[in-house]
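A.B. asks: Next up, my_file_6.csv (CSV, C-alpha atoms).
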```csv
chain,number,residue,atom,x,y,z
I,1,MET,CA,-22.6,22.1,6.8
I,2,PRO,CA,-19.5,23.8,5.3
I,3,GLN,CA,-18.3,20.3,4.3
I,4,PHE,CA,-20.9,20.1,1.6
I,5,ASP,CA,-20.3,23.6,0.1
I,6,ILE,CA,-19.2,22.5,-3.3
I,7,ALA,CA,-17.7,26.0,-4.0
I,8,THR,CA,-14.8,25.2,-1.7
I,9,PHE,CA,-13.9,21.8,-3.2
I,10,SER,CA,-11.6,23.1,-6.0
I,11,GLU,CA,-9.4,25.1,-3.6
I,12,GLN,CA,-9.2,22.3,-1.1
I,13,ILE,CA,-8.4,19.7,-3.6
I,14,PHE,CA,-5.9,21.9,-5.4
I,15,TRP,CA,-3.9,22.6,-2.3
I,16,LEU,CA,-4.2,19.1,-1.1
I,17,PHE,CA,-2.6,17.8,-4.2
I,18,VAL,CA,0.1,20.5,-4.2
I,19,ILE,CA,1.0,20.1,-0.5
I,20,PHE,CA,0.7,16.3,-0.6
I,21,ALA,CA,3.0,16.1,-3.6
I,22,ILE,CA,5.6,18.3,-2.0
I,23,LEU,CA,5.4,16.3,1.2
I,24,TYR,CA,5.7,13.1,-0.8
I,25,PHE,CA,8.7,14.4,-2.6
I,26,LEU,CA,10.4,15.5,0.7
I,27,MET,CA,9.7,12.1,2.3
I,28,SER,CA,10.7,9.9,-0.6
I,29,ARG,CA,13.8,11.8,-1.6
I,30,ILE,CA,15.1,13.2,1.7
I,31,ALA,CA,13.6,12.0,4.9
I,32,LEU,CA,12.9,8.3,4.4
I,33,PRO,CA,16.2,7.4,2.7
I,34,LYS,CA,18.0,9.0,5.6
I,35,VAL,CA,16.0,7.0,8.2
I,36,GLY,CA,16.5,3.8,6.1
I,37,GLU,CA,20.2,4.4,5.9
I,38,VAL,CA,20.5,5.0,9.6
I,39,LEU,CA,18.5,1.8,10.4
I,40,GLU,CA,20.6,-0.2,7.9
I,41,ARG,CA,23.8,1.1,9.3
I,42,ARG,CA,22.7,0.3,12.8
I,43,GLN,CA,21.7,-3.2,11.7
I,44,LYS,CA,25.1,-3.6,10.0
I,45,THR,CA,27.0,-2.4,13.1
I,46,ILE,CA,25.0,-4.8,15.3
I,47,GLU,CA,25.8,-7.6,12.9
I,48,ASP,CA,29.5,-6.6,12.7
I,49,ASN,CA,29.7,-6.5,16.4
I,50,LEU,CA,28.0,-9.9,16.7
I,51,GLY,CA,30.4,-11.2,14.1
I,52,LYS,CA,33.3,-9.8,16.1
I,53,ALA,CA,32.0,-11.3,19.3
I,54,ARG,CA,31.6,-14.7,17.5
I,55,ALA,CA,35.2,-14.5,16.2
I,56,LEU,CA,36.4,-13.7,19.7
I,57,LYS,CA,34.4,-16.5,21.1
I,58,ASP,CA,35.9,-18.9,18.5
I,59,GLU,CA,39.3,-17.7,19.4
I,60,THR,CA,38.6,-18.3,23.1
I,61,ASP,CA,37.2,-21.7,22.3
I,62,ALA,CA,40.4,-22.5,20.4
I,63,ALA,CA,42.6,-21.3,23.2
I,64,ILE,CA,40.6,-23.4,25.7
I,65,ALA,CA,40.9,-26.5,23.4
I,66,LYS,CA,44.6,-25.9,23.1
I,67,TYR,CA,44.9,-25.6,26.9
I,68,GLU,CA,42.9,-28.7,27.4
I,69,ALA,CA,45.0,-30.6,24.8
I,70,ALA,CA,48.2,-29.4,26.6
I,71,LEU,CA,46.7,-30.5,29.9
I,72,ALA,CA,45.8,-33.9,28.6
I,73,GLU,CA,49.2,-34.3,27.1
I,74,ALA,CA,50.9,-33.4,30.3
I,75,ARG,CA,48.6,-35.8,32.1
I,76,ASP,CA,49.4,-38.6,29.7
I,77,ALA,CA,53.1,-37.9,30.0
I,78,ALA,CA,52.9,-37.9,33.8
I,79,GLN,CA,51.0,-41.2,33.7
I,80,ALA,CA,53.5,-42.7,31.3
I,81,ASP,CA,56.3,-41.6,33.7
I,82,ILE,CA,54.4,-43.2,36.7
I,83,ARG,CA,53.8,-46.4,34.7
I,84,GLU,CA,57.5,-46.6,33.7
I,85,ALA,CA,58.7,-46.0,37.2
I,86,SER,CA,56.3,-48.5,38.7
I,87,GLU,CA,57.2,-51.1,36.0
I,88,LYS,CA,60.9,-50.5,36.8
I,89,ALA,CA,60.3,-50.9,40.5
I,90,ALA,CA,58.2,-54.1,39.8
I,91,ALA,CA,61.0,-55.5,37.6
I,92,GLU,CA,63.6,-54.8,40.2
I,93,GLN,CA,61.5,-56.3,42.9
I,94,ALA,CA,61.0,-59.4,40.7
I,95,LYS,CA,64.7,-59.6,40.1
I,96,LYS,CA,65.4,-59.3,43.9
I,97,THR,CA,62.8,-61.9,44.7
I,98,GLU,CA,64.2,-64.3,42.1
I,99,ALA,CA,67.7,-63.9,43.5
I,100,MET,CA,66.4,-64.4,47.0
I,101,VAL,CA,64.5,-67.5,45.8
I,102,LYS,CA,67.6,-68.8,44.1
I,103,LYS,CA,69.7,-68.2,47.2
I,104,LEU,CA,67.1,-69.9,49.4
I,105,SER,CA,66.7,-72.9,47.1
I,106,LYS,CA,70.5,-73.3,47.0
I,107,LYS,CA,70.6,-73.2,50.8
I,108,THR,CA,67.8,-75.7,50.9
I,109,SER,CA,69.5,-78.1,48.5
I,110,ASP,CA,72.9,-77.7,50.4
I,111,ALA,CA,71.1,-78.5,53.6
I,112,GLU,CA,69.4,-81.4,52.0
I,113,LYS,CA,72.7,-82.7,50.6
I,114,ALA,CA,74.3,-82.3,54.0
I,115,ILE,CA,71.4,-84.1,55.6
I,116,ALA,CA,71.7,-86.9,53.0
I,117,ASP,CA,75.5,-87.1,53.6
I,118,ALA,CA,75.0,-87.2,57.3
I,119,LYS,CA,72.3,-89.9,56.8
I,120,ALA,CA,74.6,-91.9,54.6
I,121,ASP,CA,77.5,-91.6,57.1
I,122,ALA,CA,75.2,-92.6,59.8
I,123,MET,CA,73.9,-95.5,57.8
I,124,THR,CA,77.5,-96.6,57.2
I,125,GLY,CA,78.3,-96.3,60.9
I,126,VAL,CA,75.1,-98.3,61.7
I,127,ALA,CA,76.0,-101.0,59.3
I,128,GLU,CA,79.6,-101.3,60.7
I,129,ALA,CA,78.2,-101.3,64.3
I,130,ALA,CA,75.6,-103.9,63.3
I,131,SER,CA,78.2,-106.3,61.7
I,132,GLU,CA,80.5,-105.8,64.8
I,133,ILE,CA,77.6,-106.5,67.1
I,134,ALA,CA,76.6,-109.5,65.0
I,135,ARG,CA,80.1,-111.0,65.1
I,136,GLU,CA,80.4,-110.4,68.9
I,137,ALA,CA,77.0,-111.9,69.4
I,138,THR,CA,77.7,-115.0,67.3
I,139,ASP,CA,81.0,-115.5,69.1
I,140,LYS,CA,79.5,-115.2,72.5
I,141,LEU,CA,76.4,-117.2,71.8
I,142,ILE,CA,77.6,-120.0,69.7
I,143,GLY,CA,81.4,-119.6,69.7
I,144,VAL,CA,81.7,-119.2,66.0
I,145,LYS,CA,84.1,-116.6,64.8
I,146,VAL,CA,82.5,-115.0,61.9
I,147,GLN,CA,84.7,-113.4,59.3
I,148,ALA,CA,84.2,-109.5,59.2
I,149,LYS,CA,83.5,-109.7,55.5
I,150,THR,CA,80.7,-112.2,55.8
I,151,ALA,CA,79.0,-110.1,58.6
I,152,ASP,CA,79.2,-107.0,56.6
I,153,LYS,CA,77.6,-108.8,53.6
I,154,ALA,CA,74.8,-110.1,55.7
I,155,VAL,CA,74.1,-106.7,57.3
I,156,SER,CA,74.2,-104.9,54.1
I,157,ALA,CA,71.8,-107.4,52.6
I,158,ILE,CA,69.3,-106.7,55.4
I,159,VAL,CA,69.8,-102.9,55.4
I,160,GLY,CA,69.7,-102.8,51.6
I,161,GLU,CA,66.2,-104.4,51.5
M,1,MET,CA,-20.9,31.9,21.0
M,2,ALA,CA,-19.9,30.3,17.7
M,3,GLY,CA,-22.0,27.5,16.4
M,4,PRO,CA,-20.7,24.0,16.4
M,5,LEU,CA,-20.3,24.0,12.6
M,6,GLU,CA,-18.4,27.3,12.4
M,7,GLN,CA,-15.1,25.5,13.1
M,8,PHE,CA,-15.4,23.7,9.7
M,9,GLU,CA,-15.8,26.9,7.7
M,10,ILE,CA,-13.3,27.4,4.9
M,11,LYS,CA,-12.0,30.9,5.0
M,12,PRO,CA,-9.9,32.2,2.1
M,13,LEU,CA,-6.6,33.8,3.2
M,14,ALA,CA,-5.5,34.8,-0.3
M,15,GLU,CA,-7.9,34.9,-3.2
M,16,LEU,CA,-6.5,33.0,-6.2
M,17,SER,CA,-8.1,31.7,-9.3
M,18,VAL,CA,-6.7,30.1,-12.4
M,19,ALA,CA,-8.8,29.7,-15.6
M,20,GLY,CA,-11.9,30.5,-13.7
M,21,ILE,CA,-11.2,27.8,-11.1
M,22,ASP,CA,-11.0,29.0,-7.5
M,23,ILE,CA,-7.7,27.9,-5.9
M,24,SER,CA,-7.6,30.4,-3.1
M,25,PHE,CA,-5.2,29.7,-0.3
M,26,THR,CA,-7.5,29.0,2.7
M,27,ASN,CA,-7.2,28.1,6.3
M,28,SER,CA,-7.5,24.5,5.2
M,29,ALA,CA,-4.5,24.9,2.9
M,30,LEU,CA,-2.6,26.7,5.8
M,31,TRP,CA,-3.1,23.8,8.1
M,32,MET,CA,-2.0,21.4,5.4
M,33,VAL,CA,1.2,23.4,5.0
M,34,ILE,CA,1.7,23.4,8.8
M,35,ALA,CA,1.2,19.6,8.9
M,36,ALA,CA,3.6,19.1,6.0
M,37,VAL,CA,6.2,21.4,7.6
M,38,LEU,CA,5.9,19.6,10.9
M,39,VAL,CA,6.1,16.2,9.4
M,40,THR,CA,9.1,17.2,7.3
M,41,GLY,CA,10.7,18.9,10.3
M,42,PHE,CA,10.1,15.9,12.5
M,43,MET,CA,11.4,13.4,10.0
M,44,THR,CA,14.5,15.4,9.0
M,45,LEU,CA,15.6,17.4,12.1
M,46,SER,CA,15.3,14.4,14.3
M,47,MET,CA,17.5,12.3,12.0
M,48,ARG,CA,20.0,15.1,11.4
M,49,ARG,CA,22.7,13.4,13.5
M,50,GLY,CA,21.7,9.9,12.3
M,51,ALA,CA,23.1,8.6,15.6
M,52,LEU,CA,23.8,4.9,16.0
M,53,VAL,CA,22.1,5.0,19.4
M,54,PRO,CA,19.0,7.2,18.8
M,55,GLY,CA,17.9,10.0,21.2
M,56,ARG,CA,14.3,10.7,22.0
M,57,TRP,CA,13.5,12.5,18.8
M,58,GLN,CA,15.4,10.2,16.5
M,59,GLY,CA,13.8,7.3,18.3
M,60,SER,CA,10.3,8.7,17.6
M,61,ALA,CA,11.0,9.2,13.9
M,62,GLU,CA,12.4,5.7,13.6
M,63,VAL,CA,9.3,4.3,15.4
M,64,MET,CA,7.1,6.0,12.9
M,65,TYR,CA,9.2,4.7,10.0
M,66,GLU,CA,9.2,1.2,11.3
M,67,PHE,CA,5.5,1.3,12.3
M,68,VAL,CA,4.5,2.1,8.7
M,69,ALA,CA,7.1,-0.2,7.2
M,70,ASN,CA,5.9,-3.1,9.3
M,71,MET,CA,2.2,-2.3,8.5
M,72,LEU,CA,3.1,-2.4,4.8
M,73,LYS,CA,5.2,-5.6,5.1
M,74,ASP,CA,2.6,-7.4,7.1
M,75,ASN,CA,-0.3,-6.5,4.8
M,76,VAL,CA,1.3,-6.3,1.4
M,77,GLY,CA,4.6,-8.2,1.7
M,78,SER,CA,7.9,-7.3,0.1
M,79,ALA,CA,6.1,-6.3,-3.2
M,80,GLY,CA,4.7,-3.3,-1.3
M,81,ARG,CA,8.1,-1.7,-0.6
M,82,LYS,CA,7.8,0.4,-3.8
M,83,TYR,CA,4.8,2.2,-2.3
M,84,PHE,CA,6.3,2.8,1.1
M,85,PRO,CA,7.0,6.5,0.6
M,86,PHE,CA,3.4,7.1,-0.5
M,87,VAL,CA,1.9,5.1,2.4
M,88,PHE,CA,4.2,6.8,4.8
M,89,THR,CA,3.4,10.2,3.5
M,90,LEU,CA,-0.3,9.4,3.6
M,91,PHE,CA,-0.1,8.1,7.2
M,92,MET,CA,1.8,11.1,8.5
M,93,PHE,CA,-0.3,13.6,6.6
M,94,VAL,CA,-3.5,12.2,7.9
M,95,LEU,CA,-2.1,11.7,11.4
M,96,PHE,CA,-0.8,15.2,11.7
M,97,GLY,CA,-4.0,16.6,10.1
M,98,ASN,CA,-6.1,14.8,12.7
M,99,LEU,CA,-3.9,15.7,15.7
M,100,LEU,CA,-3.4,19.4,14.7
M,101,GLY,CA,-7.2,19.6,14.6
M,102,MET,CA,-7.1,19.0,18.3
M,103,ILE,CA,-5.5,22.4,18.9
M,104,PRO,CA,-8.2,24.9,19.9
M,105,HIS,CA,-9.1,27.4,17.1
M,106,SER,CA,-7.1,25.3,14.6
M,107,PHE,CA,-8.7,23.8,11.5
M,108,THR,CA,-9.0,20.1,10.8
M,109,PHE,CA,-8.6,19.6,7.1
M,110,THR,CA,-9.3,15.9,7.4
M,111,SER,CA,-12.9,16.7,8.6
M,112,HIS,CA,-13.7,17.8,5.0
M,113,ILE,CA,-15.1,15.2,2.6
M,114,ALA,CA,-13.5,17.0,-0.3
M,115,VAL,CA,-10.1,16.2,1.1
M,116,THR,CA,-10.7,12.7,2.4
M,117,PHE,CA,-12.5,11.8,-0.8
M,118,ALA,CA,-9.9,13.2,-3.1
M,119,MET,CA,-7.2,11.1,-1.3
M,120,ALA,CA,-9.5,8.1,-1.3
M,121,LEU,CA,-10.1,8.5,-5.0
M,122,VAL,CA,-6.4,8.7,-5.8
M,123,ILE,CA,-5.8,5.6,-3.7
M,124,PHE,CA,-8.6,3.8,-5.4
M,125,LEU,CA,-7.5,4.7,-8.9
M,126,GLY,CA,-3.9,4.1,-8.1
M,127,VAL,CA,-4.7,0.6,-6.7
M,128,THR,CA,-6.9,-0.2,-9.7
M,129,VAL,CA,-4.1,0.8,-12.1
M,130,ILE,CA,-1.6,-1.2,-10.2
M,131,GLY,CA,-3.9,-4.2,-10.3
M,132,PHE,CA,-4.4,-4.0,-14.1
M,133,MET,CA,-0.7,-3.4,-14.7
M,134,ARG,CA,0.3,-6.5,-12.7
M,135,HIS,CA,-2.5,-8.9,-13.8
M,136,GLY,CA,-3.9,-7.4,-17.0
M,137,THR,CA,-7.5,-8.4,-17.7
M,138,HIS,CA,-7.0,-11.2,-15.2
M,139,TYR,CA,-7.6,-8.5,-12.6
M,140,LEU,CA,-11.3,-8.6,-13.5
M,141,ARG,CA,-11.2,-11.9,-11.6
M,142,MET,CA,-11.4,-9.7,-8.5
M,143,PHE,CA,-15.2,-9.6,-9.2
M,144,PHE,CA,-15.6,-13.4,-9.5
M,145,PRO,CA,-13.2,-15.3,-7.3
M,146,GLU,CA,-11.5,-18.5,-8.6
M,147,GLY,CA,-13.3,-21.7,-7.6
M,148,ALA,CA,-16.7,-20.2,-7.1
M,149,PRO,CA,-19.5,-22.2,-8.7
M,150,ILE,CA,-20.5,-20.6,-12.0
M,151,ALA,CA,-24.2,-20.4,-10.9
M,152,THR,CA,-23.3,-18.0,-8.2
M,153,ALA,CA,-21.9,-15.5,-10.7
M,154,ILE,CA,-25.3,-13.7,-11.0
M,155,ILE,CA,-25.2,-12.8,-7.3
M,156,LEU,CA,-21.4,-12.7,-6.7
M,157,ILE,CA,-20.3,-10.4,-9.5
M,158,PRO,CA,-22.7,-7.5,-8.7
M,159,ILE,CA,-21.8,-7.8,-5.0
M,160,GLU,CA,-18.1,-7.8,-5.7
M,161,ILE,CA,-18.4,-4.9,-8.0
M,162,ILE,CA,-20.4,-2.9,-5.5
M,163,SER,CA,-18.0,-3.7,-2.7
M,164,TYR,CA,-15.0,-2.8,-4.9
M,165,PHE,CA,-16.5,0.6,-6.0
M,166,SER,CA,-17.6,1.4,-2.5
M,167,ARG,CA,-14.0,1.4,-1.3
M,168,PRO,CA,-13.3,5.1,-1.9
M,169,PHE,CA,-16.6,6.0,-0.3
M,170,SER,CA,-16.0,4.0,2.9
M,171,LEU,CA,-12.5,5.2,3.1
M,172,ALA,CA,-13.4,8.9,2.7
M,173,ILE,CA,-16.6,8.9,4.7
M,174,ARG,CA,-15.1,7.0,7.7
M,175,LEU,CA,-12.4,9.6,8.2
M,176,PHE,CA,-14.5,12.6,7.4
M,177,ALA,CA,-17.4,11.5,9.7
M,178,ASN,CA,-15.1,10.6,12.6
M,179,MET,CA,-13.4,13.9,12.5
M,180,THR,CA,-16.5,16.0,12.0
M,181,VAL,CA,-18.6,14.3,14.7
M,182,GLY,CA,-15.8,14.3,17.2
M,183,HIS,CA,-15.3,18.0,16.8
M,184,ILE,CA,-19.0,18.8,16.8
M,185,MET,CA,-19.3,16.8,20.1
M,186,LEU,CA,-16.4,18.7,21.7
M,187,LYS,CA,-17.9,22.0,20.7
M,188,VAL,CA,-21.4,21.2,21.8
M,189,ILE,CA,-20.3,19.9,25.2
M,190,GLY,CA,-17.9,22.7,25.5
M,191,GLY,CA,-20.8,25.1,25.0
M,192,PHE,CA,-22.6,23.7,28.0
M,193,VAL,CA,-19.6,24.3,30.4
M,194,GLY,CA,-20.1,28.0,30.5
M,195,LEU,CA,-23.8,27.9,30.1
M,196,ILE,CA,-24.9,26.1,33.2
M,197,GLY,CA,-22.8,27.9,35.9
M,198,ILE,CA,-21.3,25.8,38.7
M,199,LEU,CA,-22.9,22.7,37.3
M,200,GLY,CA,-20.5,23.2,34.3
M,201,VAL,CA,-18.0,21.0,36.0
M,202,LEU,CA,-20.0,18.0,34.9
M,203,PRO,CA,-19.8,18.7,31.2
M,204,PHE,CA,-16.2,19.9,31.7
M,205,ALA,CA,-15.3,16.5,33.2
M,206,LEU,CA,-17.0,14.8,30.3
M,207,LEU,CA,-15.2,17.1,27.9
M,208,THR,CA,-11.9,16.1,29.4
M,209,GLY,CA,-12.6,12.5,28.9
M,210,ILE,CA,-13.9,13.0,25.3
M,211,THR,CA,-10.8,15.1,24.5
M,212,VAL,CA,-8.6,12.1,25.5
M,213,LEU,CA,-10.8,9.9,23.4
M,214,GLU,CA,-10.6,12.2,20.4
M,215,PHE,CA,-6.8,12.1,20.5
M,216,GLY,CA,-7.1,8.3,20.4
M,217,ILE,CA,-9.6,8.5,17.5
M,218,ALA,CA,-7.3,11.0,15.7
M,219,ALA,CA,-4.4,8.4,15.8
M,220,LEU,CA,-6.7,5.4,15.2
M,221,GLN,CA,-8.4,6.9,12.1
M,222,ALA,CA,-5.1,7.8,10.5
M,223,TYR,CA,-4.1,4.1,11.2
M,224,VAL,CA,-7.3,2.8,9.7
M,225,TYR,CA,-7.1,5.0,6.6
M,226,THR,CA,-3.5,3.8,6.0
M,227,ILE,CA,-4.1,0.1,6.8
M,228,LEU,CA,-7.1,0.0,4.4
M,229,THR,CA,-4.9,1.5,1.8
M,230,CYS,CA,-2.4,-1.3,2.5
M,231,ILE,CA,-5.2,-3.9,2.2
M,232,TYR,CA,-6.4,-2.5,-1.1
M,233,LEU,CA,-2.8,-2.6,-2.3
M,234,HIS,CA,-2.5,-6.2,-1.2
M,235,ASP,CA,-5.6,-7.1,-3.3
M,236,ALA,CA,-4.2,-5.3,-6.3
M,237,ILE,CA,-0.8,-7.1,-6.0
M,238,HIS,CA,-1.8,-10.5,-4.9
M,239,MET,CA,-5.5,-10.5,-5.9
M,240,HIS,CA,-7.7,-12.3,-3.3
```
Could you show the structure in this file as structure tokens?
C.D. replies:
Amino acid sequence: MPQFDIATFSEQIFWLFVIFAILYFLMSRIALPKVGEVLERRQKTIEDNLGKARALKDETDAAIAKYEAALAEARDAAQADIREASEKAAAEQAKKTEAMVKKLSKKTSDAEKAIADAKADAMTGVAEAASEIAREATDKLIGVKVQAKTADKAVSAIVGE
Amino acid sequence: MAGPLEQFEIKPLAELSVAGIDISFTNSALWMVIAAVLVTGFMTLSMRRGALVPGRWQGSAEVMYEFVANMLKDNVGSAGRKYFPFVFTLFMFVLFGNLLGMIPHSFTFTSHIAVTFAMALVIFLGVTVIGFMRHGTHYLRMFFPEGAPIATAIILIPIEIISYFSRPFSLAIRLFANMTVGHIMLKVIGGFVGLIGILGVLPFALLTGITVLEFGIAALQAYVYTILTCIYLHDAIHMH
């Protein structure tokens, strides 16, 4: 087998070392740093772009938050307006109701007063009529003329009870 | 018809000798040069533009770079980064040597024990030096692991020493044997194709399959050679 021909070993090993050393030099000094640099640059670009994307996302989030805050503020303002308006309306309503109640109660008390006056008038009339009737009756029945004053007193004593 | 061993013959292309030592430029050296030129061309021309979005060639070069870098990182860790250029050169040199051998009438320099053993010996010595430089005499602990009962020393130390010193042999012989046997097999089966007439289609079909297999072995053995180097490097840096 040619592999075991020791005479060829020196030339094989010599050229192996020479060529391997040259290849090692070319790889370590020229080829590999270049590949490493390209890979590093790509990694950096990717990271930069990711960072940029993240910054843009943050910006978007901030804008969304601002928009939502504005929206909430507007909603609050609108609700405050609604509340104020409804409170105002309720107050007005309450005032109107109160005025109406006052008016009605005044009417009621007037009416009651009128009724009471009428009742008092009527009572006075009744007492007068009763004393008249009583005097007439005593005159006709027993022929005694009763003084008007005495009859009035008697009637008012009975009515007053 | 050439014999199956003829393909392994070393043929001097230019006779040279220094101080009585024969350093003729041979077909073996020629194919080493071709491999080195192709590796260099592949790794530099493809990266010439250094594009952010790689094309087909640049992508391939980057894949090789990252493949070896990951192999080293997984097996040795970050301490292995220093040795990346060596491991990468080793992998590419062996890979291209193996693959170039698949070209008909070419020469497979990795099928020679002198080459595979010389590389294995450099790796072995280098790894041993790294081990002693990092750990001093503590590196001798490699031969008697921490925590083993002292009584087992009589058996363990010789076994560890033998296994340590057999590393360059296993590294060298595995690659040499795989390449040699594969090429002999191709040649022998190839010889049958023309020999048995129309029936030659059968060995031809077999030859086709084996050729595919040999391409796989060419890549796999380059990988094995490199990953074993990584593992030895790991042992030297981290001990067991």
A.B. asks: Tell me, as a list in words, which residues lie within 7 Å of region 46-49 of chain M, counting all atoms listed in the file; anything in the same chain fewer than 3 positions away does not count.
C.D. replies: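 Here the qualifying residues turn out to be Val35 of chain I; Phe42, Met43, Trp57, Gln58 and Ala61 of chain M.
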A.B. asks: Can you work out the spacing between CA of Leu175 (chain M) and CA of Ser111 (chain M) in Å, to one decimal?
C.D. replies: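 Atom-to-atom, CA of Leu175 (chain M) to CA of Ser111 (chain M), that is 7.1 Å.
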A.B. asks: Please determine the contact residues of chain M with respect to chain I at a cut-off of 7 Å, counting all atoms listed in the file, and supply them as a PyMOL selection string.
C.D. replies: chain M and resi 5+8-9+21-24+28-29+32-33+36+40+43-44+47+50+52+62+85-86+89+112-115+118
A.B. asks: Name the residues in contact with Leu228 (chain M) at a cut-off of 10 Å, using all atoms listed in the file, excluding same-chain residues fewer than 2 positions from it; report them as a PDB file with C-alpha atoms, keeping the file's coordinate frame.
C.D. replies:
```pdb
ATOM      1  CA  ASN M  75      -0.300  -6.500   4.800  1.00  0.00           C
ATOM      2  CA  ILE M 123      -5.800   5.600  -3.700  1.00  0.00           C
ATOM      3  CA  ARG M 167     -14.000   1.400  -1.300  1.00  0.00           C
ATOM      4  CA  SER M 170     -16.000   4.000   2.900  1.00  0.00           C
ATOM      5  CA  LEU M 171     -12.500   5.200   3.100  1.00  0.00           C
ATOM      6  CA  TYR M 223      -4.100   4.100  11.200  1.00  0.00           C
ATOM      7  CA  VAL M 224      -7.300   2.800   9.700  1.00  0.00           C
ATOM      8  CA  TYR M 225      -7.100   5.000   6.600  1.00  0.00           C
ATOM      9  CA  THR M 226      -3.500   3.800   6.000  1.00  0.00           C
ATOM     10  CA  CYS M 230      -2.400  -1.300   2.500  1.00  0.00           C
ATOM     11  CA  ILE M 231      -5.200  -3.900   2.200  1.00  0.00           C
ATOM     12  CA  TYR M 232      -6.400  -2.500  -1.100  1.00  0.00           C
ATOM     13  CA  LEU M 233      -2.800  -2.600  -2.300  1.00  0.00           C
ATOM     14  CA  HIS M 234      -2.500  -6.200  -1.200  1.00  0.00           C
TER      15      HIS M 234
END
```
A.B. asks: Interatomic distance between CA of Glu98 (chain I) and CA of Gln79 (chain I)?
C.D. replies: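 So the answer is 27.9 Å.
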A.B. asks: Enter the distance from CA of Val76 (chain M) to CA of Phe88 (chain M), in Å, rounded to one decimal.
C.D. replies: 13.8 Å
A.B. asks: Hey, can you pull every residue with an atom no more than 10 Å from (-7.9, 21.1, 14.5), using all atoms listed in the file, and send it as a list in words?
C.D. replies: Gln7, Phe8, Ser28, Trp31, Phe96, Gly97, Asn98, Leu99, Leu100, Gly101, Met102, Ile103, Pro104, His105, Ser106, Phe107, Thr108, Phe109, Thr110, Ser111, Met179 and His183 of chain M
A.B. asks: With C-alpha atoms retained, export the selected residues as a CSV table (one decimal), in the frame of the given file.
C.D. replies:
```csv
chain,number,residue,atom,x,y,z
M,7,GLN,CA,-15.1,25.5,13.1
M,8,PHE,CA,-15.4,23.7,9.7
M,28,SER,CA,-7.5,24.5,5.2
M,31,TRP,CA,-3.1,23.8,8.1
M,96,PHE,CA,-0.8,15.2,11.7
M,97,GLY,CA,-4.0,16.6,10.1
M,98,ASN,CA,-6.1,14.8,12.7
M,99,LEU,CA,-3.9,15.7,15.7
M,100,LEU,CA,-3.4,19.4,14.7
M,101,GLY,CA,-7.2,19.6,14.6
M,102,MET,CA,-7.1,19.0,18.3
M,103,ILE,CA,-5.5,22.4,18.9
M,104,PRO,CA,-8.2,24.9,19.9
M,105,HIS,CA,-9.1,27.4,17.1
M,106,SER,CA,-7.1,25.3,14.6
M,107,PHE,CA,-8.7,23.8,11.5
M,108,THR,CA,-9.0,20.1,10.8
M,109,PHE,CA,-8.6,19.6,7.1
M,110,THR,CA,-9.3,15.9,7.4
M,111,SER,CA,-12.9,16.7,8.6
M,179,MET,CA,-13.4,13.9,12.5
M,183,HIS,CA,-15.3,18.0,16.8
```
A.B. asks: Skip region 116-130 of chain I itself and residues of its chain fewer than 5 positions away, then list as number ranges by chain all residues within 9 Å of it, counting all atoms listed in the file.
C.D. replies: I: 111, 135, 151-152, 155-156, 159
